[in-house]
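Trainee: For reference, the structure I am asking about is given below.
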Amino acid sequence: MKKNIPDDELNLAAELLQAGKLVAFPTETVYGLGANALSDSAVAAIYAAKGRPQFNPLIVHVSSIETAKNYVQWNDSAQILAEHFWPGPLTIVLPRKKDCELSLLVSAGLDCVALRMPSHPIALELLEKSGLPLAAPSANISGRISPTLAQHVREELGGKINIVLDGGACEVGIESTIVDLTSDSPSILRHGKITREDIEKYIKLGDNISDKVKAPGMLASHYAPNAKIRLDAKEIRVGEVLLAFGKMIPGAEYSQNLSDGENLEEAAANLFRMLRILDANNPAVIAVMPIPDYGLGIAINDRLRRAAAPRD
Ligand code: TXA
Ligand code: MG
């Protein structure tokens, strides 16, 4: 359910951002933990609240193509992709402009910036009311499951954030697709709702992400619940709960179904919320049924593989 935010709450959120505070807000992908991207201390507060490693740069959210052009060396590919996919779940990485006013912390030592114009009306209103570019990672503790409900943010970061704007459930449910446009051979750094095929209608892409991981935040272990994750489950073992897709395999005492009708969009929207629900039962293992590896399934499987990866 989409929820509206009263004007005075949005105004307060915009004022808090202008004062360098943290504001969690909904986007069409997941909830973001936003701060003024022009301010070192505001951006530093994001890293502190999330416990995020300093080498992992942040996406800067903007309200228009024009604003984006203030900060980066814009190019033809950026123009084409932004025209087709903004506002929406696509992030583009471009070289910083020489006189770029964004805090260096958003780039975490790199000479590029990741930019995105979200389509969620609350996110857009907040960008416009504050008049600021907003650095906003997913609003979760670093390495944990991304939030798709305001309640997830409150549970995990409540004490550390000045305000959480509740826009209801995020429609897409997994984070934006990231495309690196810093070289002549653009490539996908993170899979999302906008697929390789969608992008290749407009520009040519280089190798796949898997052998060339450049987004420093794409660590092997990520999106981690407390329970272990077992992928490609075709049967249930003792002590396991089930994350199903389509017709359920029998035997699980507790389960959630990403999509009865095997709809990948529905599965993406449910993924993080259902992982949280299953994990809240403290199972030893969450068994996950196979998800087809095409379309949005590629992004879903990417998140599940990271959730299943060995942790330190
Ligand atoms: O959908 C999304 O993108 C959400 C919403 C809130 O907009 N945000 C999000 O942010 O997923 P975060 O911080 O959880 O993931 C950002 C990813 C990280 O893997 C980071 O390493 C990568 O983007 N990234 C950010 N800036 C980059 C840069 N300059 N170059 C390469 N990768 C970058
Ligand atoms: Mg994240």
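FYI, nothing fancy with the structure tokens labels: chains A, B, ... in order, residues from 1 per chain, ligands from 1 as they appear.
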Just the alpha helix (DSSP H) stuff from region 1-175 of chain A, please, per backbone DSSP, written as number ranges by chain.
Mentor: A: 7-18, 40-50, 65-71, 76-85, 121-130, 150-157
Trainee: Please, which residues have at least one atom within 8 Å of an atom of ligand 1, using only C-alpha atoms and all ligand atoms, listed as a ChimeraX atom specification?
Mentor: /A:26-33,56-61,89-91,93-94,106-108,110-116,118,136-139,146,174-178,180,189-190,214-219
Trainee: What's the 12 Å shell around region 1-15 of chain A, counting only C-alpha atoms, without same-chain residues fewer than 3 positions away, as a ChimeraX atom specification?
Mentor: /A:18-28,34-36,120-134,148-150,161-171
Trainee: Identify which of the residues A:Ala82, A:Ala280, A:Val72, A:Ile145 lies closest to ligand 2, counting only C-alpha atoms and all ligand atoms when measuring atom-to-atom distances.
Mentor: A:Ile145
Trainee: Mind giving me the straight-line distance from CA of Leu258 (chain A) to CA of Ile236 (chain A) in Å, one decimal?
Mentor: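 Distance reported for this atom pair: 16.7 Å.
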Trainee: Wanna dump the region 152-256 of chain A-region 300-306 of chain A contacts at 12 Å for me, each residue with its shortest atom pair and the distance in Å to one decimal, counting only C-alpha atoms, ordered by chain and number, as CSV?
Mentor:
residue,atom,partner,partner_atom,distance
A:Val172,CA,A:Ile300,CA,11.2
A:Gly173,CA,A:Ile300,CA,9.8
A:Ile174,CA,A:Ile300,CA,7.7
A:Glu175,CA,A:Arg303,CA,9.6
A:Ser176,CA,A:Ile300,CA,11.9
A:Thr177,CA,A:Asp302,CA,11.7
A:Leu189,CA,A:Asp302,CA,11.4
A:Arg190,CA,A:Asp302,CA,8.6
A:His191,CA,A:Asp302,CA,7.4
A:Gly192,CA,A:Ile300,CA,8.0
A:Lys193,CA,A:Ile300,CA,9.3
A:Thr195,CA,A:Ile300,CA,11.6
A:Ile209,CA,A:Asp302,CA,10.4
A:Ser210,CA,A:Asp302,CA,9.5
A:Gly217,CA,A:Arg306,CA,11.5
A:Met218,CA,A:Arg306,CA,8.8
A:Leu219,CA,A:Arg306,CA,7.7
A:Ala220,CA,A:Arg306,CA,5.4
A:Ser221,CA,A:Arg306,CA,4.8
A:His222,CA,A:Arg306,CA,5.1
A:Tyr223,CA,A:Arg306,CA,6.5
A:Ala224,CA,A:Arg306,CA,7.4
A:Pro225,CA,A:Arg306,CA,10.5
A:Lys228,CA,A:Leu304,CA,11.1
A:Ile229,CA,A:Leu304,CA,8.1
A:Arg230,CA,A:Arg305,CA,9.3
A:Leu231,CA,A:Leu304,CA,7.7
A:Asp232,CA,A:Asn301,CA,10.2
A:Leu243,CA,A:Leu304,CA,10.8
A:Phe245,CA,A:Ile300,CA,11.6
Trainee: How far is it from CA of Ala307 (chain A) to CA of Arg154 (chain A), in Å with one decimal?
Mentor: 21.6 Å
Trainee: Please identify all polymer residues within 10 Å of Ile199 (chain A), counting only C-alpha atoms, omitting same-chain residues fewer than 5 positions from it, and present them as a ChimeraX atom specification.
Mentor: /A:80-81,84-85,90,177,179,188,194,204-205
Trainee: Write a file of the selected residues as an mmCIF file, in the first residue's frame, keeping N, CA and C atoms.
Mentor:
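After the write, out11.cif holds the following:
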data_model
loop_
_atom_site.group_PDB
_atom_site.id
_atom_site.type_symbol
_atom_site.label_atom_id
_atom_site.label_comp_id
_atom_site.auth_asym_id
_atom_site.auth_seq_id
_atom_site.Cartn_x
_atom_site.Cartn_y
_atom_site.Cartn_z
ATOM 1 N N ILE A 80 21.229 9.299 -22.928
ATOM 2 C CA ILE A 80 20.262 8.346 -23.499
ATOM 3 C C ILE A 80 19.610 7.520 -22.388
ATOM 4 N N LEU A 81 20.439 6.996 -21.470
ATOM 5 C CA LEU A 81 19.871 6.149 -20.404
ATOM 6 C C LEU A 81 18.993 6.959 -19.462
ATOM 7 N N HIS A 84 15.627 7.653 -20.913
ATOM 8 C CA HIS A 84 14.710 6.511 -20.977
ATOM 9 C C HIS A 84 14.323 5.953 -19.617
ATOM 10 N N PHE A 85 15.250 6.023 -18.653
ATOM 11 C CA PHE A 85 14.991 5.292 -17.400
ATOM 12 C C PHE A 85 14.819 6.176 -16.168
ATOM 13 N N LEU A 90 17.467 3.155 -11.961
ATOM 14 C CA LEU A 90 18.754 3.038 -12.645
ATOM 15 C C LEU A 90 19.740 4.043 -12.067
ATOM 16 N N THR A 177 19.524 -0.932 -10.532
ATOM 17 C CA THR A 177 20.576 -1.409 -11.434
ATOM 18 C C THR A 177 21.652 -0.326 -11.492
ATOM 19 N N VAL A 179 24.954 1.081 -13.590
ATOM 20 C CA VAL A 179 25.737 0.990 -14.826
ATOM 21 C C VAL A 179 26.935 1.919 -14.731
ATOM 22 N N ILE A 188 27.516 -3.325 -16.409
ATOM 23 C CA ILE A 188 26.604 -3.378 -15.269
ATOM 24 C C ILE A 188 27.391 -3.729 -14.019
ATOM 25 N N ILE A 194 15.841 -2.981 -13.967
ATOM 26 C CA ILE A 194 16.176 -2.653 -15.352
ATOM 27 C C ILE A 194 17.284 -3.606 -15.780
ATOM 28 N N LYS A 204 25.524 -0.135 -25.978
ATOM 29 C CA LYS A 204 26.210 -1.417 -25.975
ATOM 30 C C LYS A 204 26.893 -1.601 -24.619
ATOM 31 N N LEU A 205 26.783 -2.792 -24.060
ATOM 32 C CA LEU A 205 27.400 -3.069 -22.761
ATOM 33 C C LEU A 205 28.560 -4.033 -22.900
#
Trainee: Just give me the gap between CA of Ala244 (chain A) and CA of Glu155 (chain A) in Å, one decimal is fine.
Mentor: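 That distance, rounded to one decimal, is 25.2 Å.
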Trainee: When DSSP works through the backbone of this structure, what residues of region 92-287 of chain A end up as strand (DSSP E or B), shown as a PyMOL selection string?
Mentor: chain A and resi 92-96+112-116+134-135+138+163-164+168+177-180+187-190+228-230+240-244+255-257+285-287
Trainee: Could you save the residues just selected, with N, CA, C and O atoms, as a short mmCIF file (atom, residue, chain, number, x, y, z; two decimals), in the first residue's frame?
Mentor:
data_model
loop_
_atom_site.label_atom_id
_atom_site.label_comp_id
_atom_site.auth_asym_id
_atom_site.auth_seq_id
_atom_site.Cartn_x
_atom_site.Cartn_y
_atom_site.Cartn_z
N ILE A 92 23.63 5.61 -12.49
CA ILE A 92 24.74 5.67 -13.44
C ILE A 92 25.97 6.24 -12.76
O ILE A 92 25.89 7.17 -11.96
N VAL A 93 27.12 5.64 -13.09
CA VAL A 93 28.39 6.06 -12.50
C VAL A 93 29.18 6.83 -13.55
O VAL A 93 29.39 6.33 -14.66
N LEU A 94 29.60 8.05 -13.20
CA LEU A 94 30.31 8.93 -14.13
C LEU A 94 31.47 9.61 -13.41
O LEU A 94 31.45 9.73 -12.17
N PRO A 95 32.47 10.10 -14.17
CA PRO A 95 33.59 10.81 -13.53
C PRO A 95 33.12 12.10 -12.86
O PRO A 95 32.26 12.79 -13.39
N ARG A 96 33.70 12.41 -11.69
CA ARG A 96 33.39 13.68 -11.02
C ARG A 96 33.87 14.83 -11.89
O ARG A 96 34.90 14.74 -12.52
N CYS A 112 34.86 8.99 -9.25
CA CYS A 112 33.55 8.95 -9.92
C CYS A 112 32.42 9.08 -8.90
O CYS A 112 32.64 8.95 -7.69
N VAL A 113 31.22 9.34 -9.42
CA VAL A 113 30.04 9.45 -8.57
C VAL A 113 28.91 8.60 -9.16
O VAL A 113 28.74 8.55 -10.38
N ALA A 114 28.16 7.96 -8.30
CA ALA A 114 26.97 7.21 -8.73
C ALA A 114 25.75 8.11 -8.52
O ALA A 114 25.57 8.66 -7.44
N LEU A 115 24.93 8.27 -9.55
CA LEU A 115 23.78 9.18 -9.50
C LEU A 115 22.51 8.46 -9.89
O LEU A 115 22.50 7.59 -10.77
N ARG A 116 21.42 8.87 -9.24
CA ARG A 116 20.13 8.29 -9.60
C ARG A 116 19.02 9.29 -9.32
O ARG A 116 19.05 9.99 -8.31
N LEU A 134 20.89 14.28 -2.47
CA LEU A 134 20.87 13.46 -1.25
C LEU A 134 21.66 12.17 -1.42
O LEU A 134 21.35 11.35 -2.29
N ALA A 135 22.69 12.03 -0.61
CA ALA A 135 23.39 10.74 -0.55
C ALA A 135 22.46 9.79 0.20
O ALA A 135 21.93 10.15 1.25
N SER A 138 20.97 2.17 1.08
CA SER A 138 19.82 1.48 1.66
C SER A 138 19.87 1.67 3.18
O SER A 138 20.95 1.66 3.78
N ILE A 163 14.28 11.05 11.52
CA ILE A 163 12.89 10.83 11.10
C ILE A 163 12.85 9.73 10.03
O ILE A 163 13.77 9.61 9.22
N VAL A 164 11.82 8.90 10.08
CA VAL A 164 11.60 7.89 9.05
C VAL A 164 10.28 8.21 8.36
O VAL A 164 9.22 8.15 8.98
N GLY A 168 4.90 3.30 2.96
CA GLY A 168 4.38 1.97 2.68
C GLY A 168 5.45 1.08 2.04
O GLY A 168 6.64 1.37 2.15
N THR A 177 19.52 -0.93 -10.53
CA THR A 177 20.58 -1.41 -11.43
C THR A 177 21.65 -0.33 -11.49
O THR A 177 21.32 0.85 -11.57
N ILE A 178 22.93 -0.74 -11.41
CA ILE A 178 24.01 0.26 -11.51
C ILE A 178 24.80 0.02 -12.79
O ILE A 178 25.26 -1.10 -13.06
N VAL A 179 24.95 1.08 -13.59
CA VAL A 179 25.74 0.99 -14.83
C VAL A 179 26.94 1.92 -14.73
O VAL A 179 26.80 3.10 -14.40
N ASP A 180 28.10 1.38 -15.01
CA ASP A 180 29.34 2.16 -15.01
C ASP A 180 29.53 2.78 -16.39
O ASP A 180 29.73 2.07 -17.37
N SER A 187 29.47 -0.99 -18.39
CA SER A 187 29.14 -2.33 -17.88
C SER A 187 28.19 -2.22 -16.68
O SER A 187 28.08 -1.17 -16.05
N ILE A 188 27.52 -3.32 -16.41
CA ILE A 188 26.60 -3.38 -15.27
C ILE A 188 27.39 -3.73 -14.02
O ILE A 188 28.13 -4.71 -14.01
N LEU A 189 27.26 -2.91 -12.97
CA LEU A 189 27.94 -3.20 -11.71
C LEU A 189 27.02 -3.91 -10.73
O LEU A 189 27.48 -4.61 -9.83
N ARG A 190 25.72 -3.67 -10.86
CA ARG A 190 24.76 -4.36 -9.99
C ARG A 190 23.48 -4.57 -10.79
O ARG A 190 23.00 -3.66 -11.43
N LYS A 228 21.50 -19.27 8.24
CA LYS A 228 22.23 -19.63 7.02
C LYS A 228 21.23 -19.74 5.88
O LYS A 228 20.04 -20.01 6.11
N ILE A 229 21.69 -19.59 4.66
CA ILE A 229 20.81 -19.72 3.50
C ILE A 229 21.29 -20.91 2.67
O ILE A 229 22.49 -21.04 2.41
N ARG A 230 20.35 -21.79 2.30
CA ARG A 230 20.70 -22.89 1.38
C ARG A 230 19.92 -22.68 0.08
O ARG A 230 18.69 -22.66 0.09
N GLU A 240 14.94 -26.67 8.88
CA GLU A 240 14.89 -25.62 7.86
C GLU A 240 13.50 -25.00 7.75
O GLU A 240 12.48 -25.67 7.90
N VAL A 241 13.48 -23.70 7.46
CA VAL A 241 12.24 -23.05 7.01
C VAL A 241 12.40 -22.81 5.51
O VAL A 241 13.50 -22.89 4.98
N LEU A 242 11.28 -22.51 4.85
CA LEU A 242 11.32 -22.49 3.38
C LEU A 242 10.97 -21.12 2.80
O LEU A 242 9.96 -20.51 3.17
N LEU A 243 11.81 -20.67 1.87
CA LEU A 243 11.44 -19.54 1.03
C LEU A 243 11.10 -20.14 -0.34
O LEU A 243 11.99 -20.61 -1.06
N ALA A 244 9.81 -20.16 -0.64
CA ALA A 244 9.34 -20.87 -1.83
C ALA A 244 9.20 -19.94 -3.02
O ALA A 244 9.14 -18.71 -2.88
N SER A 255 6.93 -21.40 6.24
CA SER A 255 7.37 -21.00 4.90
C SER A 255 6.77 -19.67 4.50
O SER A 255 5.79 -19.20 5.08
N GLN A 256 7.39 -19.06 3.51
CA GLN A 256 6.86 -17.87 2.84
C GLN A 256 7.00 -18.16 1.35
O GLN A 256 7.98 -18.78 0.93
N ASN A 257 6.02 -17.68 0.55
CA ASN A 257 6.11 -17.93 -0.89
C ASN A 257 6.32 -16.60 -1.62
O ASN A 257 5.48 -15.72 -1.56
N VAL A 285 18.47 -22.70 9.31
CA VAL A 285 18.70 -22.53 7.87
C VAL A 285 17.41 -22.11 7.17
O VAL A 285 16.33 -22.61 7.48
N ILE A 286 17.55 -21.18 6.22
CA ILE A 286 16.45 -20.84 5.32
C ILE A 286 16.75 -21.52 3.98
O ILE A 286 17.75 -21.21 3.34
N ALA A 287 15.91 -22.48 3.60
CA ALA A 287 16.07 -23.16 2.31
C ALA A 287 15.32 -22.36 1.25
O ALA A 287 14.19 -21.94 1.48
#
Trainee: May I ask which of the residues A:Trp74, A:Trp86, A:Tyr202, A:Phe272 is the closest one to ligand 2, counting only C-alpha atoms and all ligand atoms?
Mentor: A:Phe272
Trainee: Please provide the set of residues having any atom within 9 Å of Arg52 (chain A), restricted to only C-alpha atoms, with same-chain residues fewer than 4 positions apart removed, written as a list in words.
Mentor: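 Near Arg52 (chain A), the qualifying residues are Ile46, Tyr47, Ala48, Asn56, Ile141, Ser142 and Gly143 of chain A.
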Trainee: Which one is closest to ligand 2: A:Ser185, A:Gln151, A:Ser41, A:Asn140? Count only C-alpha atoms and all ligand atoms.
Mentor: A:Asn140
Trainee: Check the smallest atom-to-atom distance from each of A:Pro147, A:Ser183, A:Ser119, A:Glu197 to ligand 2 using only C-alpha atoms and all ligand atoms, then report the winner.
Mentor: A:Pro147
